[in-house]
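Peer 1: Below is the structure I would like to discuss, written out as structure tokens.
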Amino acid sequence: MRIILSACFVLYLFSALGQYAGYNKWSIDLNLGATNAVEPYSIGYWSNTVDLVHTSGGVRYMFNNKFGLKLDLGYDLISNDNIGSNGNSLPFKTNYFRSSMQGVLDIGRIFTFENFTDRWSLLFHSGGGMSLTTSQINPESDRMVNFLFGFTPQFKLNNRISLNLDASFIWHIYQQYTFDMYSSVSNRGFDGFIA
């Protein structure tokens, strides 16, 4: 009986692995884009609704065609608002660095998008990590814990290359300074938000 059960298990394992042969286990993500540091700021300071300096990259490993893990690093330049009808913010420039470990769900595979398209998919990712802000204005750096989630629509160009558009939302705890780095933050819990 044990031999039959063991044989059935081995056959099931091979058939399950065969079903997942149509995906890449390892992926490298490279992103360029925009950022919006929403809050907190000192009085008289705020950033552009969209700052055009965002870069990030990461490595993703998929355990199967639906679930995986992602390790990523990001950089954003947060600067004062000097365009539009809001008036001008007082000048500042802050460097924002981030790292995170995230779980990844391929929603396209979970909801079988391949039944109607073999080019489009949608990833959901969520996790946490560390963020750091630095500025020439303040000799101190601000270290904080981040929690984030995001959605990444993907369009496959071929079996190895995809284009994506990622929207991620990041909350901080233990943020000690405003994004302009001029004032300290006294709130507890989730102190800051950046998209």
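Convention: chains lettered A, B, ... in structure tokens order; per-chain residue numbering from 1; ligands numbered from 1 as shown.
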Report as a list of chain:residue names: the residues of region 32-188 of chain A with a DSSP assignment of helix (DSSP H, G or I), based on the backbone of this structure.

Peer 2: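 For region 32-188 of chain A, the helix (DSSP H, G or I) set is A:Ile107, A:Gly108, A:Arg109, A:Ile110, A:Phe113, A:Glu114, A:Asn115.
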
Peer 1: Give me, as JSON lines, each residue of region 47-100 of chain A that comes within 12 Å of region 155-166 of chain A, together with its shortest interatomic pair and the distance in Å at one decimal, counting only C-alpha atoms, with rows ordered by chain and rising residue number.

Peer 2:
{"residue": "A:His54", "atom": "CA", "partner": "A:Asp166", "partner_atom": "CA", "distance": 11.7}
{"residue": "A:Thr55", "atom": "CA", "partner": "A:Asp166", "partner_atom": "CA", "distance": 11.7}
{"residue": "A:Ser56", "atom": "CA", "partner": "A:Asp166", "partner_atom": "CA", "distance": 10.7}
{"residue": "A:Gly57", "atom": "CA", "partner": "A:Asp166", "partner_atom": "CA", "distance": 11.7}

Peer 1: Determine which residues of region 34-182 of chain A receive a DSSP assignment of strand (DSSP E), computed from the backbone, and state them as a PyMOL selection string.

Peer 2: chain A and resi 34-35+37-39+51-62+67-79+93-106+120-134+142-156+162-164+167-173

Peer 1: Determine, counting only C-alpha atoms, which protein, DNA and RNA residues have an atom within 10 Å of an atom of Ile137 (chain A); residues of the same chain fewer than 3 positions away are not included. Present the result as a list in words.

Peer 2: Phe92, Lys93, Thr94, Thr134, Glu140, Asp180, Met181 and Tyr182 of chain A

Peer 1: If you keep C-alpha atoms, can you produce a file of those selected residues as a CSV table (one decimal), in the first residue's frame?

Peer 2:
chain,number,residue,atom,x,y,z
A,92,PHE,CA,14.5,71.6,-0.7
A,93,LYS,CA,15.8,68.4,-2.2
A,94,THR,CA,15.6,65.1,-0.3
A,134,THR,CA,19.0,62.2,3.4
A,140,GLU,CA,20.9,63.7,10.2
A,180,ASP,CA,11.7,68.3,3.4
A,181,MET,CA,14.0,67.4,6.4
A,182,TYR,CA,13.5,70.7,8.2

Peer 1: Identify which of the residues A:Thr152, A:Ser42, A:Thr117, A:Asn24 lies closest to Ser186 (chain A), counting only C-alpha atoms when measuring atom-to-atom distances.

Peer 2: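 When distances to Ser186 (chain A) are compared using only C-alpha atoms, the smallest one comes from A:Ser42.
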
Peer 1: Measure the distance from CA of Gly127 (chain A) to CA of Glu39 (chain A) in Å and round it to one decimal.

Peer 2: 20.4 Å

Peer 1: May I have the residues within 7 Å of region 96-107 of chain A as JSON, numbers by chain, using only C-alpha atoms and disregarding those fewer than 6 positions away in the same chain?

Peer 2: {"A": [66, 67, 68, 69, 70, 71, 72, 73, 74, 75, 76, 77, 122, 123, 124, 125, 126, 127, 128, 129, 130, 131, 132, 133, 134]}

Peer 1: Check the smallest atom-to-atom distance from each of A:Thr112, A:Trp120, A:Gln176, A:Phe190 to Leu148 (chain A) using only C-alpha atoms, then report the winner.

Peer 2: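 Among the listed residues, the smallest separation from Leu148 (chain A) belongs to A:Phe190.
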
Peer 1: Near Asp191 (chain A), within 10 Å and counting only C-alpha atoms, which residues show up once chain neighbours fewer than 2 positions away are dropped, as a ChimeraX atom specification?

Peer 2: /A:39-40,144,171-178,185-189,193

Peer 1: Could you jot down the CA of Ser168 (chain A) to CA of Asn48 (chain A) separation for me, Å, one decimal place?

Peer 2: 17.5 Å

Peer 1: Here is a test: counting only C-alpha atoms, which residue of A:Val59, A:Ile43, A:Ile194, A:Leu52 is nearest to Leu30 (chain A)?

Peer 2: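 Among the listed residues, the smallest separation from Leu30 (chain A) belongs to A:Val59.
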